[in-house]
>>> print(open('final01.txt').read())   # compact mmCIF, N, CA and C atoms
# COMPACT_ATOMS: atom_id res chain seq x y z
N MET A 269 48.52 -34.24 65.96
CA MET A 269 48.63 -32.80 66.09
C MET A 269 50.11 -32.46 66.29
N THR A 270 50.57 -31.49 65.52
CA THR A 270 51.97 -31.13 65.58
C THR A 270 52.27 -30.25 66.80
N LEU A 271 53.55 -30.09 67.10
CA LEU A 271 53.95 -29.25 68.23
C LEU A 271 53.50 -27.80 68.05
N PRO A 272 53.68 -27.20 66.85
CA PRO A 272 53.17 -25.83 66.69
C PRO A 272 51.66 -25.72 66.94
N ASP A 273 50.91 -26.73 66.51
CA ASP A 273 49.47 -26.73 66.76
C ASP A 273 49.17 -26.82 68.25
N ARG A 274 49.91 -27.65 68.96
CA ARG A 274 49.71 -27.79 70.41
C ARG A 274 50.04 -26.49 71.13
N ILE A 275 51.10 -25.82 70.71
CA ILE A 275 51.48 -24.54 71.33
C ILE A 275 50.39 -23.50 71.08
N LEU A 276 49.93 -23.40 69.83
CA LEU A 276 48.87 -22.44 69.52
C LEU A 276 47.58 -22.77 70.27
N LEU A 277 47.27 -24.04 70.39
CA LEU A 277 46.08 -24.46 71.14
C LEU A 277 46.19 -24.04 72.60
N ALA A 278 47.36 -24.27 73.20
CA ALA A 278 47.58 -23.88 74.60
C ALA A 278 47.49 -22.36 74.75
N LEU A 279 48.05 -21.62 73.80
CA LEU A 279 47.98 -20.16 73.88
C LEU A 279 46.56 -19.64 73.69
N GLY A 280 45.78 -20.30 72.84
CA GLY A 280 44.38 -19.93 72.68
C GLY A 280 43.59 -20.17 73.96
N ALA A 281 43.86 -21.31 74.60
CA ALA A 281 43.20 -21.61 75.87
C ALA A 281 43.64 -20.62 76.95
N LEU A 282 44.92 -20.26 76.95
CA LEU A 282 45.42 -19.27 77.90
C LEU A 282 44.76 -17.91 77.68
N ALA A 283 44.49 -17.56 76.43
CA ALA A 283 43.79 -16.30 76.15
C ALA A 283 42.41 -16.32 76.78
N GLY A 284 41.72 -17.43 76.70
CA GLY A 284 40.41 -17.54 77.34
C GLY A 284 40.51 -17.41 78.86
N LEU A 285 41.49 -18.09 79.44
CA LEU A 285 41.71 -18.00 80.89
C LEU A 285 41.99 -16.56 81.31
N LEU A 286 42.89 -15.89 80.59
CA LEU A 286 43.24 -14.51 80.92
C LEU A 286 42.06 -13.57 80.70
N GLY A 287 41.21 -13.87 79.73
CA GLY A 287 40.02 -13.06 79.50
C GLY A 287 39.06 -13.13 80.68
N VAL A 288 38.89 -14.33 81.22
CA VAL A 288 38.02 -14.49 82.40
C VAL A 288 38.64 -13.77 83.59
N ALA A 289 39.95 -13.92 83.80
CA ALA A 289 40.62 -13.27 84.92
C ALA A 289 40.56 -11.75 84.80
N ALA A 290 40.77 -11.23 83.59
CA ALA A 290 40.72 -9.78 83.39
C ALA A 290 39.31 -9.25 83.58
N SER A 291 38.31 -10.02 83.18
CA SER A 291 36.91 -9.61 83.40
C SER A 291 36.62 -9.52 84.89
N ALA A 292 37.08 -10.50 85.63
CA ALA A 292 36.86 -10.50 87.07
C ALA A 292 37.58 -9.33 87.73
N ALA A 293 38.81 -9.08 87.32
CA ALA A 293 39.57 -7.96 87.90
C ALA A 293 38.90 -6.63 87.55
N ALA A 294 38.44 -6.49 86.32
CA ALA A 294 37.80 -5.23 85.89
C ALA A 294 36.53 -4.94 86.67
N ALA A 295 35.86 -5.99 87.13
CA ALA A 295 34.63 -5.81 87.92
C ALA A 295 34.92 -5.20 89.28
N HIS A 296 36.17 -5.28 89.73
CA HIS A 296 36.53 -4.79 91.06
C HIS A 296 37.38 -3.53 91.03
N ILE A 297 37.66 -3.02 89.85
CA ILE A 297 38.50 -1.83 89.73
C ILE A 297 37.66 -0.71 89.13
N ALA A 298 37.59 0.42 89.80
CA ALA A 298 36.83 1.56 89.29
C ALA A 298 37.54 2.13 88.06
N GLY A 299 36.76 2.44 87.03
CA GLY A 299 37.31 3.04 85.82
C GLY A 299 38.22 2.13 85.03
N ALA A 300 37.93 0.87 85.00
CA ALA A 300 38.79 -0.11 84.32
C ALA A 300 38.28 -0.41 82.91
N ASP A 301 37.90 0.61 82.18
CA ASP A 301 37.38 0.39 80.82
C ASP A 301 38.41 -0.28 79.91
N SER A 302 39.67 0.10 80.03
CA SER A 302 40.71 -0.52 79.20
C SER A 302 40.87 -2.00 79.53
N LEU A 303 40.76 -2.33 80.80
CA LEU A 303 40.88 -3.73 81.20
C LEU A 303 39.68 -4.53 80.71
N LYS A 304 38.50 -3.93 80.73
CA LYS A 304 37.31 -4.59 80.19
C LYS A 304 37.48 -4.86 78.70
N THR A 305 38.02 -3.89 77.99
CA THR A 305 38.25 -4.06 76.55
C THR A 305 39.26 -5.17 76.30
N ALA A 306 40.34 -5.19 77.07
CA ALA A 306 41.33 -6.25 76.93
C ALA A 306 40.70 -7.61 77.17
N ALA A 307 39.87 -7.71 78.22
CA ALA A 307 39.19 -8.97 78.54
C ALA A 307 38.28 -9.41 77.40
N GLN A 308 37.52 -8.46 76.86
CA GLN A 308 36.62 -8.79 75.76
C GLN A 308 37.39 -9.30 74.54
N PHE A 309 38.48 -8.65 74.21
CA PHE A 309 39.27 -9.09 73.06
C PHE A 309 39.82 -10.49 73.29
N LEU A 310 40.30 -10.76 74.49
CA LEU A 310 40.80 -12.09 74.80
C LEU A 310 39.70 -13.14 74.67
N LEU A 311 38.53 -12.83 75.22
CA LEU A 311 37.43 -13.79 75.18
C LEU A 311 36.85 -13.97 73.79
N PHE A 312 36.84 -12.92 72.98
CA PHE A 312 36.30 -13.03 71.62
C PHE A 312 37.24 -13.81 70.71
N HIS A 313 38.54 -13.65 70.91
CA HIS A 313 39.50 -14.26 69.99
C HIS A 313 39.93 -15.67 70.40
N ALA A 314 39.80 -16.02 71.67
CA ALA A 314 40.22 -17.35 72.11
C ALA A 314 39.52 -18.47 71.33
N PRO A 315 38.19 -18.43 71.18
CA PRO A 315 37.55 -19.50 70.40
C PRO A 315 37.97 -19.51 68.93
N ALA A 316 38.25 -18.34 68.38
CA ALA A 316 38.71 -18.29 66.99
C ALA A 316 40.06 -18.98 66.84
N ILE A 317 40.94 -18.75 67.79
CA ILE A 317 42.26 -19.39 67.76
C ILE A 317 42.09 -20.91 67.86
N LEU A 318 41.25 -21.35 68.79
CA LEU A 318 41.03 -22.79 68.95
C LEU A 318 40.46 -23.40 67.68
N GLY A 319 39.53 -22.71 67.05
CA GLY A 319 38.94 -23.20 65.80
C GLY A 319 39.95 -23.26 64.66
N LEU A 320 40.77 -22.24 64.55
CA LEU A 320 41.78 -22.23 63.50
C LEU A 320 42.80 -23.34 63.71
N VAL A 321 43.18 -23.57 64.95
CA VAL A 321 44.12 -24.66 65.24
C VAL A 321 43.48 -26.01 64.92
N ALA A 322 42.23 -26.18 65.25
CA ALA A 322 41.54 -27.44 64.93
C ALA A 322 41.50 -27.64 63.42
N LEU A 323 41.24 -26.57 62.67
CA LEU A 323 41.24 -26.67 61.21
C LEU A 323 42.63 -27.00 60.69
N ALA A 324 43.63 -26.35 61.25
CA ALA A 324 45.01 -26.62 60.81
C ALA A 324 45.41 -28.06 61.10
N ALA A 325 44.93 -28.59 62.21
CA ALA A 325 45.30 -29.96 62.60
C ALA A 325 44.61 -31.02 61.74
N THR A 326 43.45 -30.68 61.16
CA THR A 326 42.70 -31.67 60.40
C THR A 326 42.76 -31.48 58.90
N SER A 327 43.21 -30.33 58.44
CA SER A 327 43.24 -30.04 57.01
C SER A 327 44.67 -30.08 56.50
N THR A 328 44.89 -30.78 55.41
CA THR A 328 46.23 -30.78 54.82
C THR A 328 46.41 -29.63 53.85
N THR A 329 45.33 -29.15 53.25
CA THR A 329 45.47 -28.10 52.24
C THR A 329 45.45 -26.69 52.82
N HIS A 330 44.82 -26.50 53.97
CA HIS A 330 44.72 -25.16 54.55
C HIS A 330 45.62 -24.98 55.77
N ARG A 331 46.38 -25.97 56.12
CA ARG A 331 47.17 -25.95 57.34
C ARG A 331 48.09 -24.74 57.47
N PRO A 332 48.93 -24.42 56.49
CA PRO A 332 49.86 -23.30 56.68
C PRO A 332 49.16 -21.96 56.90
N VAL A 333 48.12 -21.69 56.15
CA VAL A 333 47.45 -20.40 56.24
C VAL A 333 46.67 -20.30 57.55
N THR A 334 45.98 -21.34 57.94
CA THR A 334 45.20 -21.27 59.17
C THR A 334 46.11 -21.23 60.40
N ARG A 335 47.22 -21.92 60.34
CA ARG A 335 48.18 -21.87 61.45
C ARG A 335 48.76 -20.46 61.57
N LEU A 336 49.08 -19.86 60.44
CA LEU A 336 49.60 -18.49 60.44
C LEU A 336 48.54 -17.50 60.95
N ALA A 337 47.29 -17.71 60.57
CA ALA A 337 46.20 -16.85 61.06
C ALA A 337 46.08 -16.95 62.57
N ALA A 338 46.13 -18.17 63.11
CA ALA A 338 46.05 -18.36 64.56
C ALA A 338 47.23 -17.69 65.25
N ALA A 339 48.41 -17.83 64.68
CA ALA A 339 49.60 -17.21 65.27
C ALA A 339 49.49 -15.68 65.27
N ALA A 340 48.97 -15.13 64.19
CA ALA A 340 48.80 -13.67 64.13
C ALA A 340 47.81 -13.20 65.19
N LEU A 341 46.74 -13.96 65.41
CA LEU A 341 45.78 -13.61 66.45
C LEU A 341 46.42 -13.67 67.84
N VAL A 342 47.25 -14.67 68.08
CA VAL A 342 47.93 -14.80 69.38
C VAL A 342 48.86 -13.60 69.61
N VAL A 343 49.66 -13.27 68.60
CA VAL A 343 50.58 -12.13 68.73
C VAL A 343 49.80 -10.84 68.91
N GLY A 344 48.75 -10.66 68.11
CA GLY A 344 47.94 -9.46 68.22
C GLY A 344 47.30 -9.32 69.59
N LEU A 345 46.80 -10.42 70.14
CA LEU A 345 46.20 -10.38 71.48
C LEU A 345 47.23 -10.03 72.54
N ALA A 346 48.41 -10.62 72.43
CA ALA A 346 49.46 -10.35 73.42
C ALA A 346 49.81 -8.86 73.43
N LEU A 347 49.94 -8.28 72.25
CA LEU A 347 50.30 -6.86 72.17
C LEU A 347 49.15 -5.95 72.54
N PHE A 348 47.99 -6.17 71.94
CA PHE A 348 46.85 -5.28 72.16
C PHE A 348 46.32 -5.40 73.59
N SER A 349 45.93 -6.60 73.98
CA SER A 349 45.36 -6.79 75.31
C SER A 349 46.42 -6.59 76.40
N GLY A 350 47.63 -7.03 76.11
CA GLY A 350 48.71 -6.82 77.09
C GLY A 350 48.95 -5.36 77.36
N ASP A 351 48.97 -4.55 76.32
CA ASP A 351 49.17 -3.11 76.49
C ASP A 351 48.01 -2.48 77.26
N LEU A 352 46.78 -2.80 76.89
CA LEU A 352 45.62 -2.24 77.59
C LEU A 352 45.59 -2.66 79.07
N ALA A 353 45.90 -3.92 79.33
CA ALA A 353 45.88 -4.41 80.71
C ALA A 353 46.97 -3.74 81.55
N LEU A 354 48.17 -3.63 80.99
CA LEU A 354 49.24 -2.96 81.73
C LEU A 354 48.92 -1.50 82.02
N ARG A 355 48.34 -0.83 81.05
CA ARG A 355 47.94 0.58 81.27
C ARG A 355 46.89 0.68 82.37
N ALA A 356 45.94 -0.25 82.38
CA ALA A 356 44.87 -0.21 83.38
C ALA A 356 45.38 -0.57 84.77
N LEU A 357 46.26 -1.55 84.85
CA LEU A 357 46.70 -2.04 86.15
C LEU A 357 47.92 -1.32 86.72
N HIS A 358 48.81 -0.84 85.83
CA HIS A 358 50.05 -0.24 86.31
C HIS A 358 50.30 1.17 85.77
N GLY A 359 49.43 1.64 84.88
CA GLY A 359 49.59 2.98 84.34
C GLY A 359 50.76 3.15 83.39
N THR A 360 51.26 2.04 82.86
CA THR A 360 52.40 2.11 81.95
C THR A 360 52.11 1.24 80.72
N PRO A 361 52.55 1.68 79.55
CA PRO A 361 52.31 0.86 78.35
C PRO A 361 53.30 -0.30 78.26
N LEU A 362 52.95 -1.28 77.47
CA LEU A 362 53.85 -2.40 77.20
C LEU A 362 55.11 -1.87 76.52
N PHE A 363 54.92 -1.14 75.45
CA PHE A 363 55.95 -0.36 74.77
C PHE A 363 55.22 0.58 73.83
N PRO A 364 55.87 1.64 73.36
CA PRO A 364 55.15 2.58 72.47
C PRO A 364 54.59 1.87 71.23
N MET A 365 53.34 2.16 70.94
CA MET A 365 52.65 1.64 69.76
C MET A 365 52.31 0.14 69.85
N ALA A 366 52.38 -0.44 71.04
CA ALA A 366 52.07 -1.87 71.18
C ALA A 366 50.62 -2.16 70.81
N ALA A 367 49.69 -1.36 71.32
CA ALA A 367 48.26 -1.61 71.03
C ALA A 367 47.95 -1.46 69.54
N PRO A 368 48.40 -0.40 68.88
CA PRO A 368 48.10 -0.31 67.44
C PRO A 368 48.74 -1.43 66.62
N ILE A 369 49.96 -1.81 66.98
CA ILE A 369 50.61 -2.91 66.27
C ILE A 369 49.83 -4.21 66.52
N GLY A 370 49.41 -4.41 67.76
CA GLY A 370 48.60 -5.58 68.08
C GLY A 370 47.28 -5.59 67.33
N GLY A 371 46.65 -4.43 67.23
CA GLY A 371 45.40 -4.32 66.48
C GLY A 371 45.59 -4.68 65.01
N LEU A 372 46.69 -4.21 64.43
CA LEU A 372 46.99 -4.56 63.04
C LEU A 372 47.25 -6.06 62.89
N ALA A 373 47.94 -6.65 63.87
CA ALA A 373 48.18 -8.10 63.82
C ALA A 373 46.86 -8.87 63.92
N LEU A 374 45.94 -8.39 64.76
CA LEU A 374 44.63 -9.03 64.86
C LEU A 374 43.88 -8.94 63.54
N MET A 375 43.88 -7.77 62.92
CA MET A 375 43.22 -7.63 61.62
C MET A 375 43.88 -8.51 60.58
N GLY A 376 45.20 -8.60 60.63
CA GLY A 376 45.92 -9.48 59.70
C GLY A 376 45.55 -10.94 59.91
N GLY A 377 45.39 -11.34 61.17
CA GLY A 377 44.99 -12.71 61.46
C GLY A 377 43.62 -13.04 60.90
N TRP A 378 42.68 -12.11 61.05
CA TRP A 378 41.34 -12.33 60.49
C TRP A 378 41.39 -12.36 58.97
N LEU A 379 42.21 -11.49 58.37
CA LEU A 379 42.35 -11.51 56.92
C LEU A 379 42.94 -12.84 56.44
N LEU A 380 43.94 -13.33 57.15
CA LEU A 380 44.52 -14.63 56.80
C LEU A 380 43.51 -15.76 56.94
N ALA A 381 42.66 -15.68 57.94
CA ALA A 381 41.62 -16.69 58.11
C ALA A 381 40.67 -16.67 56.92
N ALA A 382 40.33 -15.47 56.46
CA ALA A 382 39.45 -15.35 55.29
C ALA A 382 40.14 -15.87 54.04
N VAL A 383 41.39 -15.51 53.86
CA VAL A 383 42.15 -15.98 52.69
C VAL A 383 42.28 -17.50 52.73
N GLY A 384 42.51 -18.03 53.92
CA GLY A 384 42.66 -19.48 54.07
C GLY A 384 41.44 -20.27 53.66
N ALA A 385 40.28 -19.63 53.69
CA ALA A 385 39.06 -20.31 53.27
C ALA A 385 39.05 -20.57 51.77
N PHE A 386 39.82 -19.79 51.02
CA PHE A 386 39.79 -19.90 49.56
C PHE A 386 41.08 -20.35 48.94
N VAL A 387 42.18 -20.22 49.66
CA VAL A 387 43.48 -20.56 49.09
C VAL A 387 43.94 -21.87 49.70
N ALA A 388 44.05 -22.85 48.86
CA ALA A 388 44.55 -24.15 49.31
C ALA A 388 46.01 -24.31 48.87
N VAL A 389 46.80 -24.86 49.74
CA VAL A 389 48.21 -25.12 49.44
C VAL A 389 48.34 -26.59 49.11
N GLU A 390 48.83 -26.86 47.91
CA GLU A 390 48.99 -28.25 47.50
C GLU A 390 50.19 -28.88 48.16
N ARG A 391 50.01 -30.08 48.65
CA ARG A 391 51.11 -30.84 49.27
C ARG A 391 51.71 -31.75 48.22
N ARG A 392 53.00 -31.85 48.20
CA ARG A 392 53.67 -32.74 47.24
C ARG A 392 54.24 -33.94 47.91
>>> encode(input="final01.txt", output="C-alpha cells")
Amino acid sequence: MTLPDRILLALGALAGLLGVAASAAAAHIAGADSLKTAAQFLLFHAPAILGLVALAATSTTHRPVTRLAAAALVVGLALFSGDLALRALHGTPLFPMAAPIGGLALMGGWLLAAVGAFVAVERR
C-alpha cells in the first residue's frame, strides 16, 4: 500500500471517528440539525472512502481514478461537514461557500467512482 493510500485510509477512518463524535455531540445539543447532518455525511462517506482506497491499493488499472475519487470525498467532507459543524457549534462558517463547494466535491467524488468502474488506465 502506497503512502497516498495510507493517508487516504487514515482520513477515511478519521471521518468515521468524527461522525460518531458529532452524532454524540448532536444528541446533547438542542437544535443541532446541522451537526446531525454533518455527522450523517461523515458516517455515510467514511466506508466509501475506505472501499475506494482498498480498490486503489489492489487494482493496477483503476488506481488513479479511485484514489482521486477517495481524495475528492475527503476534501468534500472536510468542507461540507466542517462548515456545518462549525456553524452548529460556534455560529460561524468555515469560510463563505465552504458547504456548497464541499457538496460539489462530494458529488465529483461519487462521479469519479462511477467513472472509475468503467475507465481503466493502462500501465506501461
>>> residues_around(input="final01.txt", residues="Ala314 (chain A)", least_positions_apart="4", cutoff="7 Å", atoms="only C-alpha atoms", output="PDB file with N, CA and C atoms, in the frame of the given file")
ATOM      1  N   GLY A 280      45.780 -20.300  72.840  1.00  0.00           N
ATOM      2  CA  GLY A 280      44.380 -19.930  72.680  1.00  0.00           C
ATOM      3  C   GLY A 280      43.590 -20.170  73.960  1.00  0.00           C
ATOM      4  N   ALA A 281      43.860 -21.310  74.600  1.00  0.00           N
ATOM      5  CA  ALA A 281      43.200 -21.610  75.870  1.00  0.00           C
ATOM      6  C   ALA A 281      43.640 -20.620  76.950  1.00  0.00           C
ATOM      7  N   ALA A 283      44.490 -17.560  76.430  1.00  0.00           N
ATOM      8  CA  ALA A 283      43.790 -16.300  76.150  1.00  0.00           C
ATOM      9  C   ALA A 283      42.410 -16.320  76.780  1.00  0.00           C
ATOM     10  N   GLY A 284      41.720 -17.430  76.700  1.00  0.00           N
ATOM     11  CA  GLY A 284      40.410 -17.540  77.340  1.00  0.00           C
ATOM     12  C   GLY A 284      40.510 -17.410  78.860  1.00  0.00           C
ATOM     13  N   LEU A 310      40.300 -10.760  74.490  1.00  0.00           N
ATOM     14  CA  LEU A 310      40.800 -12.090  74.800  1.00  0.00           C
ATOM     15  C   LEU A 310      39.700 -13.140  74.670  1.00  0.00           C
ATOM     16  N   LEU A 318      41.250 -21.350  68.790  1.00  0.00           N
ATOM     17  CA  LEU A 318      41.030 -22.790  68.950  1.00  0.00           C
ATOM     18  C   LEU A 318      40.460 -23.400  67.680  1.00  0.00           C
TER      19      LEU A 318
END
>>> residues_around(input="final01.txt", residues="Pro368 (chain A)", least_positions_apart="5", cutoff="7 Å", atoms="only N, CA and C atoms", output="list in words")
Leu347, Phe348 and Ala373 of chain A
>>> closest_residue(input="final01.txt", among="A:Phe386, A:Ser302, A:Gly377, A:Pro332", to="Arg355 (chain A)", atoms="all atoms listed in the file")
A:Ser302
>>> axis_aligned_box(input="final01.txt", around="region 302-317 of chain A", padding_each_side="5 Å", output="lines of an AutoDock Vina configuration file")
center_x = 39.3
center_y = -10.4
center_z = 74.0
size_x = 16.0
size_y = 31.0
size_z = 24.4
>>> atom_distance(input="final01.txt", atom1="atom N of Leu336 (chain A)", atom2="atom N of Ala353 (chain A)")
24.9 Å
>>> atom_distance(input="final01.txt", atom1="CA of Val342 (chain A)", atom2="atom N of Gly299 (chain A)")
27.1 Å
>>> closest_residue(input="final01.txt", among="A:Leu311, A:Ala346, A:Leu357, A:Ile317", to="Gly371 (chain A)", atoms="only C-alpha atoms")
A:Ala346
>>> select_by_dssp(input="final01.txt", residues="region 298-386 of chain A", states="helix (DSSP H, G or I)", output="PyMOL selection string")
chain A and resi 301-326+331-358+366-384
>>> atom_distance(input="final01.txt", atom1="CA of Gly344 (chain A)", atom2="CA of Leu374 (chain A)")
4.7 Å
>>> closest_residue(input="final01.txt", among="A:Ala324, A:Leu279, A:Ala290, A:Leu303", to="Ala356 (chain A)", atoms="only N, CA and C atoms")
A:Leu303
>>> closest_residue(input="final01.txt", among="A:Ala337, A:Ala292, A:Ala300, A:Val321", to="Arg274 (chain A)", atoms="all atoms listed in the file")
A:Val321
>>> closest_residue(input="final01.txt", among="A:Gly370, A:Leu277, A:Gly350, A:Ala295", to="Ala316 (chain A)", atoms="only C-alpha atoms")
A:Leu277
>>> closest_residue(input="final01.txt", among="A:Ala366, A:Ala307, A:Pro315, A:Leu320", to="Ala338 (chain A)", atoms="all atoms listed in the file")
A:Leu320
